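Student: Provided herewith: target_20.cif, mmCIF, C-alpha atoms.
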```
data_my_file
loop_
_atom_site.label_atom_id
_atom_site.label_comp_id
_atom_site.auth_asym_id
_atom_site.auth_seq_id
_atom_site.Cartn_x
_atom_site.Cartn_y
_atom_site.Cartn_z
CA SER A 17 -6.06 -15.78 -14.95
CA LEU A 18 -3.68 -14.38 -17.51
CA VAL A 19 -2.64 -10.79 -18.11
CA ILE A 20 -1.48 -8.98 -21.22
CA ARG A 21 1.15 -6.41 -20.32
CA GLY A 22 2.91 -3.67 -22.17
CA GLU A 23 2.98 0.05 -22.68
CA LYS A 24 2.16 1.65 -26.01
CA ASP A 25 5.76 1.56 -27.17
CA GLU A 26 6.36 -2.03 -26.10
CA GLN A 27 5.46 -5.32 -27.80
CA ALA A 28 2.71 -7.06 -25.88
CA VAL A 29 3.44 -10.07 -23.72
CA LEU A 30 1.05 -12.45 -22.00
CA CYS A 31 1.78 -13.46 -18.42
CA SER A 32 0.56 -16.31 -16.30
CA LYS A 33 1.33 -16.42 -12.59
CA ASP A 34 4.90 -17.48 -13.25
CA LYS A 35 5.67 -17.37 -16.99
CA THR A 36 5.96 -14.78 -19.73
CA TYR A 37 5.06 -15.27 -23.41
CA ASP A 38 5.69 -13.15 -26.49
CA MET A 39 2.46 -12.48 -28.37
CA LYS A 40 2.41 -12.50 -32.12
CA ILE A 41 -0.45 -12.32 -34.58
CA ALA A 42 -0.30 -15.23 -36.99
CA ASP A 43 -1.98 -14.86 -40.34
CA THR A 44 -3.29 -17.64 -42.48
CA SER A 45 -4.68 -17.55 -45.99
CA ASN A 46 -7.07 -20.28 -44.90
CA MET A 47 -10.41 -19.49 -43.37
CA LEU A 48 -10.92 -20.66 -39.80
CA LEU A 49 -14.51 -21.29 -38.75
CA PHE A 50 -15.34 -22.01 -35.13
CA ILE A 51 -18.27 -24.22 -34.39
CA PRO A 52 -19.55 -24.67 -30.85
CA GLY A 53 -20.85 -28.10 -30.07
CA CYS A 54 -19.69 -29.60 -33.35
CA LYS A 55 -19.24 -33.33 -32.85
CA THR A 56 -16.24 -35.35 -33.94
CA PRO A 57 -16.64 -38.81 -35.46
CA GLU A 58 -15.67 -40.43 -32.14
CA GLU A 59 -18.34 -38.53 -30.27
CA LEU A 60 -20.99 -39.51 -32.82
CA ASN A 61 -19.94 -43.17 -32.79
CA ALA A 62 -20.21 -43.21 -29.05
CA ASP A 63 -23.82 -42.11 -29.30
CA PRO A 64 -25.50 -44.06 -32.13
CA THR A 65 -28.96 -42.72 -31.40
CA SER A 66 -28.04 -39.22 -32.48
CA CYS A 67 -28.07 -39.93 -36.18
CA ASN A 68 -30.48 -37.19 -36.95
CA ILE A 69 -29.56 -33.88 -38.46
CA ILE A 70 -27.87 -31.63 -35.96
CA HIS A 71 -28.23 -27.95 -36.68
CA SER A 72 -25.05 -26.17 -35.67
CA GLN A 73 -24.23 -22.55 -35.91
CA ILE A 74 -20.88 -21.23 -36.91
CA ALA A 75 -20.00 -18.84 -34.14
CA GLY A 76 -17.53 -16.90 -36.20
CA PHE A 77 -14.55 -17.02 -38.49
CA SER A 78 -11.10 -15.55 -38.67
CA ASN A 79 -7.95 -15.29 -40.78
CA ASN A 80 -5.62 -14.73 -37.89
CA TYR A 81 -5.00 -15.69 -34.31
CA TRP A 82 -2.69 -14.84 -31.43
CA GLU A 83 0.28 -17.11 -31.07
CA LEU A 84 2.22 -17.39 -27.84
CA ARG A 85 5.86 -18.27 -27.44
CA ARG A 86 7.50 -18.58 -24.05
CA CYS A 87 10.11 -15.87 -23.59
CA ARG A 88 12.47 -14.43 -21.00
CA PRO A 89 10.75 -11.98 -18.68
CA LYS A 90 11.70 -8.40 -19.57
CA LEU A 91 13.26 -7.39 -16.29
CA LYS A 92 15.87 -4.80 -17.21
CA LYS A 93 13.20 -2.14 -16.80
CA LEU A 94 12.71 -3.25 -13.20
CA ARG A 95 16.26 -2.33 -12.30
CA LYS A 96 15.95 0.94 -14.21
CA LEU A 97 12.82 1.93 -12.29
CA LEU A 98 14.24 1.05 -8.90
CA MET A 99 17.49 2.87 -9.64
CA GLU A 100 15.52 6.10 -10.06
CA ASP A 101 15.44 6.46 -6.30
CA PRO A 102 17.75 4.03 -4.47
CA TYR A 103 17.55 3.99 -0.69
CA GLY A 104 20.60 5.50 0.97
CA GLY A 105 19.65 5.13 4.61
CA PRO A 106 17.32 6.98 6.97
CA ASP A 107 19.44 10.14 7.07
CA ARG A 108 19.27 10.58 3.31
CA CYS A 109 15.51 10.30 3.14
CA LYS A 110 14.93 13.70 4.62
CA ASP A 111 16.01 15.56 1.49
CA GLN A 112 13.98 13.43 -0.82
CA THR A 113 10.47 13.26 0.53
CA LEU A 114 8.89 14.50 -2.65
CA THR A 115 10.54 12.50 -5.42
CA PHE A 116 7.87 10.10 -6.37
CA SER A 117 9.63 7.46 -8.39
CA ARG A 118 8.60 4.83 -5.92
CA TYR A 119 6.81 1.68 -6.83
CA THR A 120 4.53 -0.72 -5.02
CA THR A 121 4.09 -4.32 -6.12
CA GLU A 122 0.92 -3.29 -7.98
CA ASP A 123 2.79 -0.52 -9.79
CA LEU A 124 5.48 -2.93 -10.87
CA LEU A 125 2.92 -5.45 -12.07
CA SER A 126 1.45 -2.87 -14.41
CA LEU A 127 4.78 -1.57 -15.72
CA ILE A 128 7.01 -4.63 -16.05
CA GLN A 129 6.47 -7.17 -18.82
CA ALA A 130 6.87 -10.27 -16.69
CA SER A 131 4.81 -12.57 -14.52
CA GLU A 132 4.34 -11.81 -10.84
CA GLU A 133 6.55 -14.66 -9.71
CA GLU A 134 9.32 -13.69 -12.12
CA ILE A 135 9.17 -10.10 -10.83
CA LEU A 136 9.22 -11.14 -7.16
CA HIS A 137 12.10 -13.51 -7.81
CA GLN A 138 14.10 -10.77 -9.53
CA LEU A 139 13.43 -8.40 -6.63
CA GLN A 140 14.96 -10.99 -4.34
CA VAL A 141 17.98 -11.43 -6.64
CA MET A 142 18.49 -7.66 -6.58
CA ASP A 143 18.31 -7.65 -2.76
CA ALA A 144 15.45 -5.19 -2.95
CA CYS A 145 13.30 -4.61 0.11
CA LYS A 146 9.97 -3.03 0.87
CA ILE A 147 10.22 0.23 2.77
CA GLU A 148 6.91 1.85 3.70
CA GLY A 149 5.15 -0.28 1.11
CA TYR A 150 7.48 0.64 -1.75
CA TRP A 151 10.10 -1.64 -3.30
CA ARG A 152 13.55 -0.09 -2.91
CA ILE A 153 17.00 -1.05 -4.04
CA LEU A 154 19.81 -0.04 -1.69
CA GLU A 155 22.48 2.38 -2.80
CA PHE A 156 25.68 0.39 -3.17
CA ASP A 157 27.60 2.51 -0.66
CA TYR A 158 24.87 2.13 1.92
CA LYS A 159 24.76 -1.61 1.33
CA MET A 160 28.51 -1.81 1.91
CA LYS A 161 28.21 0.33 5.03
CA LEU A 162 25.64 -2.08 6.47
CA LEU A 163 27.72 -5.08 5.48
CA ASP A 164 30.78 -3.53 7.06
CA HIS A 165 28.94 -3.07 10.39
CA VAL A 166 28.03 -6.74 10.35
CA THR A 167 31.45 -8.07 9.34
CA GLN A 168 33.18 -5.91 11.94
CA LEU A 169 30.82 -7.21 14.61
CA ILE A 170 31.45 -10.80 13.51
CA ASP A 171 35.17 -10.13 13.81
CA SER A 172 35.03 -8.42 17.23
CA GLU A 173 32.74 -11.14 18.65
CA SER A 174 34.80 -13.90 17.01
CA TRP A 175 31.68 -15.58 15.74
CA SER A 176 31.85 -18.40 13.25
CA LEU A 177 30.84 -17.17 9.80
CA SER A 178 28.20 -19.88 9.70
CA LYS A 179 26.62 -18.98 13.01
CA VAL A 180 25.85 -15.28 13.22
CA PRO A 181 23.09 -14.56 15.76
CA LEU A 182 20.34 -12.20 14.62
CA ARG A 183 19.39 -11.09 18.09
CA THR A 184 22.86 -9.89 19.07
CA CYS A 185 23.32 -8.12 15.73
CA LEU A 186 20.11 -6.18 16.30
CA GLU A 187 21.11 -5.33 19.87
CA GLU A 188 24.62 -4.19 18.99
CA LEU A 189 23.88 -2.44 15.70
CA GLY A 190 20.35 -1.23 16.31
CA SER A 191 21.61 2.13 17.52
CA LEU A 192 23.58 2.70 14.31
CA GLU A 193 21.08 1.64 11.66
CA PRO A 194 17.37 0.75 11.44
CA ARG A 195 16.74 -2.82 12.65
CA GLU A 196 14.93 -3.69 9.40
CA MET A 197 18.07 -2.75 7.46
CA ILE A 198 20.32 -4.85 9.66
CA GLU A 199 18.07 -7.84 9.21
CA HIS A 200 17.81 -7.10 5.49
CA ILE A 201 21.58 -7.10 5.01
CA LEU A 202 21.87 -10.36 6.92
CA LEU A 203 19.17 -11.88 4.69
CA SER A 204 20.90 -10.56 1.56
CA TYR A 205 24.31 -11.93 2.44
CA GLY A 206 23.46 -14.95 4.51
CA ARG A 207 21.20 -17.96 4.79
CA LYS A 208 18.72 -17.75 7.63
CA TYR A 209 18.13 -20.75 9.88
CA VAL A 210 16.76 -21.53 13.29
CA ASP A 211 18.55 -23.74 15.79
CA ASP A 212 16.95 -26.27 18.13
CA ALA A 213 16.48 -23.64 20.78
CA GLY A 214 14.53 -21.47 18.38
CA GLU A 215 17.26 -18.84 17.99
CA VAL A 216 17.72 -17.27 14.55
CA PHE A 217 21.16 -17.46 12.95
CA PHE A 218 22.72 -16.69 9.60
CA GLU A 219 25.25 -18.68 7.63
CA MET A 220 27.14 -15.98 5.73
CA HIS A 221 27.65 -16.35 1.96
CA GLU A 222 31.41 -16.19 1.50
CA ASP A 223 31.19 -15.87 -2.30
CA LYS A 224 28.61 -13.12 -2.25
CA ILE A 225 30.48 -11.06 0.34
CA CYS A 226 33.80 -11.39 -1.47
CA ARG A 227 32.06 -10.38 -4.68
CA ALA A 228 30.54 -7.26 -3.12
CA ILE A 229 33.91 -6.20 -1.73
CA ALA A 230 35.52 -6.71 -5.14
CA GLN A 231 32.90 -4.46 -6.70
CA MET A 232 33.61 -1.82 -4.08
CA LEU A 233 37.31 -1.90 -4.97
CA LEU A 234 36.90 -2.08 -8.73
CA GLN A 235 34.42 0.73 -9.16
CA ASN A 236 37.01 3.29 -8.17
CA ALA A 237 39.09 3.10 -11.34
CA VAL A 238 38.89 2.12 -15.00
CA LYS A 239 41.13 -0.90 -14.53
CA PHE A 240 43.53 -2.46 -12.07
CA ASN A 241 46.75 -4.36 -12.15
CA LEU A 242 45.48 -7.90 -11.60
CA SER A 243 48.00 -9.11 -9.03
CA GLU A 244 47.79 -5.90 -7.01
CA PHE A 245 44.03 -6.12 -7.04
CA GLN A 246 44.06 -9.75 -5.89
CA GLU A 247 46.29 -8.86 -2.96
CA VAL A 248 44.22 -5.90 -1.79
CA TRP A 249 41.01 -7.86 -2.31
CA GLN A 250 42.12 -10.76 -0.12
CA GLN A 251 43.17 -8.35 2.61
CA SER A 252 39.82 -6.56 2.47
CA VAL A 253 37.53 -9.52 3.02
CA PRO A 254 36.57 -10.76 6.50
CA GLU A 255 38.92 -13.09 8.35
CA GLY A 256 38.34 -16.67 7.32
CA MET A 257 37.10 -15.89 3.80
CA THR A 258 39.06 -16.77 0.67
CA THR A 259 38.83 -14.76 -2.52
CA ARG A 260 38.71 -16.50 -5.92
CA LEU A 261 38.46 -14.98 -9.37
CA ASP A 262 35.52 -17.21 -10.26
CA GLN A 263 33.48 -15.35 -7.63
CA LEU A 264 33.53 -12.42 -10.06
CA LYS A 265 31.71 -13.99 -13.02
CA GLY A 266 29.45 -11.45 -14.68
CA LEU A 267 30.97 -8.67 -12.55
CA ALA A 268 34.53 -8.23 -13.74
CA LEU A 269 36.66 -9.23 -16.70
CA VAL A 270 40.33 -10.18 -16.65
CA ASP A 271 42.54 -9.11 -19.53
CA ARG A 272 45.26 -11.70 -19.85
CA SER A 273 46.67 -10.24 -23.04
CA SER A 274 47.85 -6.99 -21.47
CA ARG A 275 51.23 -6.70 -19.73
CA PRO A 276 50.79 -6.58 -16.79
CA GLU A 277 47.50 -8.49 -16.67
CA THR A 278 44.59 -6.28 -15.68
CA ILE A 279 41.05 -6.55 -14.37
CA PHE A 280 38.11 -4.18 -14.81
CA LEU A 281 34.50 -3.91 -13.78
CA LEU A 282 31.94 -5.19 -16.31
CA LYS A 283 28.52 -5.88 -14.91
CA VAL A 284 26.17 -8.06 -16.94
CA GLU A 285 23.17 -6.09 -15.68
CA ASP A 286 24.55 -2.96 -17.38
CA LEU A 287 24.52 -4.65 -20.79
CA PRO A 288 21.63 -4.63 -23.29
CA GLU A 289 18.76 -7.07 -22.83
CA ASP A 290 18.22 -7.84 -26.52
CA ASN A 291 20.31 -10.76 -27.83
CA GLN A 292 21.84 -9.08 -30.87
CA GLU A 293 22.50 -5.85 -29.00
CA ARG A 294 24.15 -7.79 -26.17
CA PHE A 295 26.52 -9.55 -28.54
CA ASN A 296 27.29 -6.31 -30.37
CA SER A 297 28.11 -4.68 -27.07
CA LEU A 298 30.35 -7.56 -25.96
CA PHE A 299 32.25 -7.65 -29.25
CA GLY A 300 32.68 -3.90 -29.01
CA ILE A 301 34.39 -4.37 -25.65
CA ARG A 302 36.58 -7.24 -26.79
CA GLU A 303 37.04 -8.56 -30.30
CA LYS A 304 37.61 -12.21 -29.47
CA TRP A 305 36.22 -14.10 -26.48
CA THR A 306 36.85 -17.56 -25.13
CA GLU A 307 33.75 -19.51 -24.18
CA VAL A 308 34.74 -19.41 -20.50
CA ASP A 309 34.99 -15.61 -20.50
CA ILE A 310 31.83 -14.90 -22.48
CA THR A 311 29.50 -17.41 -20.81
CA PRO A 312 28.71 -15.34 -17.67
CA TYR A 313 27.74 -12.45 -19.96
CA ILE A 314 25.30 -14.40 -22.14
CA GLN A 315 23.99 -17.06 -19.76
CA ASP A 316 20.91 -14.99 -18.93
CA LEU A 317 19.96 -14.80 -22.61
CA CYS A 318 19.30 -18.52 -22.85
CA ALA A 319 15.65 -19.32 -23.52
CA GLU A 320 14.01 -22.39 -22.02
CA LYS A 321 16.13 -25.38 -23.03
CA GLN A 322 18.58 -23.25 -25.00
CA THR A 323 22.30 -23.65 -24.31
CA VAL A 324 25.11 -21.10 -24.37
CA GLY A 325 26.59 -23.14 -27.23
CA ALA A 326 23.43 -22.65 -29.29
CA LEU A 327 23.55 -18.90 -28.68
CA LEU A 328 27.19 -18.75 -29.72
CA THR A 329 26.46 -20.69 -32.90
CA LYS A 330 23.72 -18.25 -33.76
CA TYR A 331 25.31 -14.93 -32.89
CA ALA A 332 29.06 -15.47 -33.08
CA ARG A 333 31.72 -16.78 -35.42
CA CYS A 334 34.10 -19.41 -34.13
CA SER A 335 37.80 -19.44 -34.92
CA THR A 336 41.04 -20.66 -33.37
CA LEU A 337 43.67 -18.38 -31.88
CA ASN A 338 46.90 -19.92 -30.60
CA GLY A 339 45.19 -23.27 -30.36
CA VAL A 340 42.28 -21.88 -28.34
CA LYS A 341 38.71 -21.67 -29.62
CA VAL A 342 37.52 -18.05 -29.67
CA TYR A 343 34.31 -16.30 -30.67
CA SER A 344 33.98 -13.04 -32.53
CA SER A 345 31.32 -11.03 -34.27
CA ARG A 346 29.60 -12.39 -37.36
CA ARG A 347 29.63 -8.98 -38.92
CA PRO A 348 32.14 -6.13 -39.08
CA ILE A 349 31.74 -3.78 -36.12
CA SER A 350 31.72 -0.14 -37.08
CA LEU B 21 -0.38 0.93 -19.58
CA CYS B 22 -2.19 -1.96 -18.04
CA ASP B 23 -3.42 -4.51 -19.23
CA PRO B 24 -6.21 -6.68 -20.43
CA VAL B 25 -6.92 -9.61 -18.17
CA LEU B 26 -8.00 -13.04 -19.32
CA SER B 27 -9.93 -15.32 -17.04
CA CYS B 28 -11.84 -18.55 -17.40
CA SER B 29 -15.61 -18.63 -17.16
CA GLY B 30 -16.12 -21.48 -14.74
CA SER B 31 -13.51 -24.09 -13.97
CA ALA B 32 -11.31 -25.52 -16.67
CA GLY B 33 -13.29 -28.76 -16.61
CA ALA B 34 -16.47 -26.90 -17.45
CA LEU B 35 -15.07 -25.05 -20.48
CA ALA B 36 -16.98 -25.68 -23.68
CA ARG B 37 -15.25 -27.58 -26.44
CA TRP B 38 -15.57 -26.12 -29.88
CA VAL B 39 -14.28 -27.45 -33.18
CA LEU B 40 -12.38 -25.53 -35.82
CA VAL B 41 -13.15 -26.00 -39.48
CA GLU B 42 -10.31 -24.87 -41.71
CA LEU B 43 -11.01 -24.15 -45.36
CA GLN B 44 -8.64 -23.09 -48.07
CA GLY B 45 -9.55 -19.87 -49.79
CA GLU B 46 -12.64 -17.88 -49.01
CA VAL B 47 -16.30 -18.49 -48.54
CA GLU B 48 -18.62 -16.10 -50.37
CA PRO B 49 -22.38 -15.86 -50.16
CA ARG B 50 -23.98 -17.05 -53.40
CA GLN B 51 -25.91 -13.90 -54.17
CA GLY B 52 -23.62 -11.43 -52.48
CA GLY B 53 -24.80 -9.95 -49.22
CA GLU B 54 -23.64 -11.11 -45.82
CA LEU B 55 -22.51 -14.45 -44.52
CA ALA B 56 -24.32 -14.06 -41.21
CA GLY B 57 -27.50 -16.07 -40.93
CA GLY B 58 -26.85 -17.96 -44.15
CA LEU B 59 -26.38 -21.70 -44.52
CA LEU B 60 -22.81 -22.76 -45.16
CA GLY B 61 -23.40 -26.36 -45.99
CA ASP B 62 -23.70 -29.89 -44.68
CA LEU B 63 -21.06 -31.76 -42.77
CA HIS B 64 -20.97 -35.52 -42.90
CA TYR B 65 -18.62 -38.17 -41.63
CA THR B 66 -17.97 -41.37 -43.53
CA CYS B 67 -17.90 -44.70 -41.70
CA GLU B 68 -14.15 -44.33 -41.44
CA GLY B 69 -14.58 -40.96 -39.76
CA VAL B 70 -13.54 -38.84 -42.75
CA PRO B 71 -15.29 -35.46 -42.67
CA VAL B 72 -17.09 -34.50 -45.87
CA LEU B 73 -18.37 -30.96 -46.42
CA ILE B 74 -20.92 -30.06 -49.03
CA VAL B 75 -20.97 -26.36 -49.80
CA GLY B 76 -23.28 -25.23 -52.56
CA HIS B 77 -22.61 -27.66 -55.39
CA HIS B 78 -19.11 -28.50 -54.20
CA ILE B 79 -17.93 -31.43 -52.16
CA LEU B 80 -14.82 -31.26 -50.03
CA TYR B 81 -13.02 -34.12 -48.31
CA GLY B 82 -11.05 -33.36 -45.18
CA LYS B 83 -9.46 -34.94 -42.17
CA VAL B 84 -9.77 -34.74 -38.43
CA VAL B 85 -6.63 -33.24 -36.86
CA GLN B 86 -5.87 -33.14 -33.15
CA LEU B 87 -4.23 -29.76 -32.60
CA GLU B 88 -0.71 -29.85 -31.21
CA LYS B 89 -1.30 -26.39 -29.80
CA PRO B 90 -4.94 -26.05 -28.79
CA PHE B 91 -6.73 -22.75 -29.19
CA ALA B 92 -8.58 -20.76 -26.55
CA VAL B 93 -11.56 -18.70 -27.64
CA LEU B 94 -11.60 -15.29 -25.98
CA VAL B 95 -14.56 -12.98 -25.69
CA LYS B 96 -13.92 -9.36 -24.90
CA GLU B 97 -16.12 -8.05 -22.15
CA GLY B 98 -17.36 -4.50 -22.30
CA GLY B 99 -14.69 -2.54 -20.45
CA ALA B 100 -15.57 -0.29 -17.52
CA PRO B 101 -16.28 3.21 -18.81
CA GLN B 102 -13.58 4.69 -16.59
CA PRO B 103 -10.91 2.10 -15.94
CA SER B 104 -8.99 2.67 -12.70
CA PRO B 105 -5.41 3.93 -13.24
CA GLY B 106 -3.64 0.85 -11.95
CA GLY B 107 -6.22 -1.68 -12.92
CA PRO B 108 -6.75 -3.68 -16.08
CA HIS B 109 -7.99 -1.81 -19.13
CA GLY B 110 -9.91 -4.65 -20.65
CA HIS B 111 -11.16 -8.07 -19.80
CA TYR B 112 -11.24 -11.14 -21.98
CA THR B 113 -12.96 -14.30 -20.84
CA VAL B 114 -11.96 -17.71 -22.12
CA THR B 115 -15.27 -19.20 -23.23
CA ALA B 116 -14.13 -22.32 -25.04
CA LEU B 117 -11.21 -24.53 -25.94
CA ILE B 118 -10.54 -25.94 -29.38
CA LYS B 119 -8.50 -29.12 -29.49
CA THR B 120 -9.72 -30.55 -32.79
CA LYS B 121 -9.93 -29.18 -36.28
CA LEU B 122 -11.49 -30.44 -39.47
CA LEU B 123 -9.04 -29.51 -42.19
CA PHE B 124 -10.31 -29.27 -45.76
CA LYS B 125 -7.44 -28.64 -48.07
CA THR B 126 -8.24 -30.66 -51.13
CA ARG B 127 -9.68 -28.88 -54.12
CA PRO B 128 -13.49 -28.78 -53.94
CA LYS B 129 -15.06 -31.06 -56.49
CA PRO B 130 -18.24 -29.94 -58.20
CA ILE B 131 -21.10 -32.39 -57.76
CA ILE B 132 -22.56 -33.20 -61.09
CA THR B 133 -25.97 -34.80 -60.84
CA HIS B 134 -26.78 -35.24 -64.46
CA VAL B 135 -24.25 -36.50 -66.94
CA PRO B 136 -25.71 -36.75 -70.38
CA LYS B 137 -24.85 -40.13 -71.88
CA LYS B 138 -23.19 -40.18 -75.17
CA VAL B 139 -24.96 -42.29 -77.62
#
```
As a first step, turn the structure in this file into structure tokens.
Tutor:
Amino acid sequence: SLVIRGEKDEQAVLCSKDKTYDMKIADTSNMLLFIPGCKTPEELNADPTSCNIIHSQIAGFSNNYWELRRCRPKLKKLRKLLMEDPYGGPDRCKDQTLTFSRYTTEDLLSLIQASEEEILHQLQVMDACKIEGYWRILEFDYKMKLLDHVTQLIDSESWSLSKVPLRTCLEELGSLEPREMIEHILLSYGRKYVDDAGEVFFEMHEDKICRAIAQMLLQNAVKFNLSEFQEVWQQSVPEGMTTRLDQLKGLALVDRSSRPETIFLLKVEDLPEDNQERFNSLFGIREKWTEVDITPYIQDLCAEKQTVGALLTKYARCSTLNGVKVYSSRRPIS
Amino acid sequence: LCDPVLSCSGSAGALARWVLVELQGEVEPRQGGELAGGLLGDLHYTCEGVPVLIVGHHILYGKVVQLEKPFAVLVKEGGAPQPSPGGPHGHYTVTALIKTKLLFKTRPKPIITHVPKKV
């Protein structure tokens, strides 16, 4: 079945199990009559005996109809709702028993304008987990604390980063943090697999871990000296991992025009969801963007079969600066 | 708040097929009053499969069009008097699909049955 979703102040969308569609009313000056059982010429030709008069009733008529157009699921609200009460660990819970901004899957299905599969997928992308039946996002500091426990254990046990045993992690860390949280952090930052003996292991995601550690460093100041940051960042990641600036797409932006070069935190999930507003926001941050720099911040706006290039053509003005193609706003920014 | 739900009556294979007739302009009852219950006209197909509609003393020629985007006909079911807080607030059932329309967009021609001959 299909569901129409939206609150009174939102534009209605129609959702299937896994897709979301904008709903619009289309008007026509023509009159549309609907006739049940009306036969087409092919159907009549196929049945030559029915050449008598067929009495048909017109079931109804209309001047308008609902038109559907596939759209991006509206998921920014999901993050907003879950950020109302992020989970900071079992110790923190005690002060907060009565804040009820907690959402079950059913709650989310009635509040978020997206299909069930799109919502569940986004929950996985956000590393959300279900605690006591409610979907929770982890507080960043708590997430890093859990990750730190795991990386320190990997280091002290000298495990390979691609073969981290679940059982030992739970045994060694179970006294420090809830077992569900330890398993959750391993699932968030690693790929689960089972070996021939049936033991569960995790292959840790180097890129994702390096990215999280970069965020931890960058959120402490407005901007950083790029080379200093790169040095500290490499020293902060687990032994055996290599940091690369391309791990930070959609998380941080490098300013190569400043002397010295700098880097600052800019998270795509903090930017507006609407296309025009997103571009306005980006051009407010920086007047001229190269395609390489802007792509991570507009990639998620692409509709089915739409390219970043098509978006840039529509919302930006292309020019050349020092031989490099750059994009800027189509209109003057106030 | 939530959210009308659409579901199919029966399996997709069992859905009724309706046909859309599209007319330019408006249809008015001859003597005023309502359209409901009245006769619209006669629909014929020529040997070549061209639909011909006779409405009152007008004749319209149309064509059969396979719809690129088919329509679904929805019927709103009477909602529960007290919908549950988290549950759907309305229910539409898909009762039919429309994949074909008969489009009449040429100007209706009056049918003249008696043309006095000029002497």
Student: Expand the PyMOL selection byres ((chain A) within 6 of (chain B)) into the explicit residue set it covers here, and present it as number ranges by chain.
Tutor: A: 17-21, 23, 46-54, 57, 126
Student: As an exercise, work out the distance from CA of Ile128 in chain A to CA of Val141 in chain A in Å and give it to one decimal place.
Tutor: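 Calculated distance between CA of Ile128 in chain A and CA of Val141 in chain A is 16.0 Å.
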Student: Write out as an MDAnalysis selection string the residues lying within 9 Å of range 156-163 of chain A, counting only C-alpha atoms and excluding same-chain residues fewer than 3 positions away.
Tutor: chainID A and resid 102:105 153 166:168 193 197:198 201:202 205 225 228:229 232
Student: Kindly export the residues of the current selection with C-alpha atoms, as a JSON list (two decimals), in the coordinates of the input.
Tutor:
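again-v8.json, freshly written:
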```json
[["chain", "number", "residue", "atom", "x", "y", "z"],
["A", 102, "PRO", "CA", 17.75, 4.03, -4.47],
["A", 103, "TYR", "CA", 17.55, 3.99, -0.69],
["A", 104, "GLY", "CA", 20.60, 5.50, 0.97],
["A", 105, "GLY", "CA", 19.65, 5.13, 4.61],
["A", 153, "ILE", "CA", 17.00, -1.05, -4.04],
["A", 166, "VAL", "CA", 28.03, -6.74, 10.35],
["A", 167, "THR", "CA", 31.45, -8.07, 9.34],
["A", 168, "GLN", "CA", 33.18, -5.91, 11.94],
["A", 193, "GLU", "CA", 21.08, 1.64, 11.66],
["A", 197, "MET", "CA", 18.07, -2.75, 7.46],
["A", 198, "ILE", "CA", 20.32, -4.85, 9.66],
["A", 201, "ILE", "CA", 21.58, -7.10, 5.01],
["A", 202, "LEU", "CA", 21.87, -10.36, 6.92],
["A", 205, "TYR", "CA", 24.31, -11.93, 2.44],
["A", 225, "ILE", "CA", 30.48, -11.06, 0.34],
["A", 228, "ALA", "CA", 30.54, -7.26, -3.12],
["A", 229, "ILE", "CA", 33.91, -6.20, -1.73],
["A", 232, "MET", "CA", 33.61, -1.82, -4.08]]
```
Student: CA of His77 in chain B and CA of Ile74 in chain A, how far apart in Å?
Tutor: 19.6 Å
Student: Calculated over all atoms listed in the file, which of the candidates A:Thr306, A:Ser32, A:Asn236, A:Asn241 has the smallest distance to Lys341 in chain A?
Tutor: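 Of A:Thr306, A:Ser32, A:Asn236, A:Asn241, the one nearest Lys341 in chain A is A:Thr306, counting all atoms listed in the file.
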Student: Do you have the CA of Arg118 in chain A-CA of Glu285 in chain A distance handy?
Tutor: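 CA of Glu285 in chain A lies 20.7 Å from CA of Arg118 in chain A.
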Student: Closest to Ile135 in chain A among A:Cys31, A:Leu169, A:Leu234, A:Glu199, using only C-alpha atoms?
Tutor: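 Distance minimum relative to Ile135 in chain A lands on A:Cys31.
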Student: Quick one: apply the PyMOL selection byres ((chain A and resi 219) around 8) to the file and drop the selected residues here as number ranges by chain.
Tutor: A: 177-180, 206-209, 217-218, 220-221
Student: Just the residues within 8 Å of range 142-145 of chain A, please, counting only C-alpha atoms, with nothing from its chain fewer than 5 positions along; format it as a PDB file with C-alpha atoms, in the frame of the given file.
Tutor:
```pdb
ATOM      1  CA  TRP A 151      10.100  -1.640  -3.300  1.00  0.00           C
ATOM      2  CA  ARG A 152      13.550  -0.090  -2.910  1.00  0.00           C
ATOM      3  CA  ILE A 153      17.000  -1.050  -4.040  1.00  0.00           C
ATOM      4  CA  LEU A 154      19.810  -0.040  -1.690  1.00  0.00           C
ATOM      5  CA  HIS A 200      17.810  -7.100   5.490  1.00  0.00           C
ATOM      6  CA  SER A 204      20.900 -10.560   1.560  1.00  0.00           C
TER       7      SER A 204
END
```
Student: So, with only C-alpha atoms as the atoms that count, which of B:Pro49, B:Pro90, B:Gly82, B:Gly61 lies closest to Lys119 in chain B?
Tutor: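 Smallest distance to Lys119 in chain B is found for B:Pro90.
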Student: Using only C-alpha atoms, which residue out of A:Tyr331, A:Lys265, A:Arg227, A:Val324 lies closest to Asp309 in chain A?
Tutor: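 Closest residue, counting only C-alpha atoms: A:Lys265.
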Student: Produce a table with one row for each residue of range 24-98 of chain B that has an atom at most 8 Å from any atom of range 128-138 of chain B, each row naming the nearest atom pair and its distance in Å at one decimal; use all atoms listed in the file; arrange rows by chain and rising residue number; format as a tab-separated table.
Tutor:
```
residue	atom	partner	partner_atom	distance
B:His77	CA	B:Ile131	CA	5.5
B:His78	CA	B:Pro130	CA	4.3
B:Ile79	CA	B:Lys129	CA	5.2
B:Leu80	CA	B:Pro128	CA	4.8
B:Tyr81	CA	B:Pro128	CA	7.8
```
Student: Suppose a student applies the PyMOL selection byres ((chain A and resi 89) around 10) to this structure; what residues should they get, written as a VMD selection string?
Tutor: chain A and resid 29 31 34 to 38 86 to 88 90 to 92 128 to 131 134 to 135 138
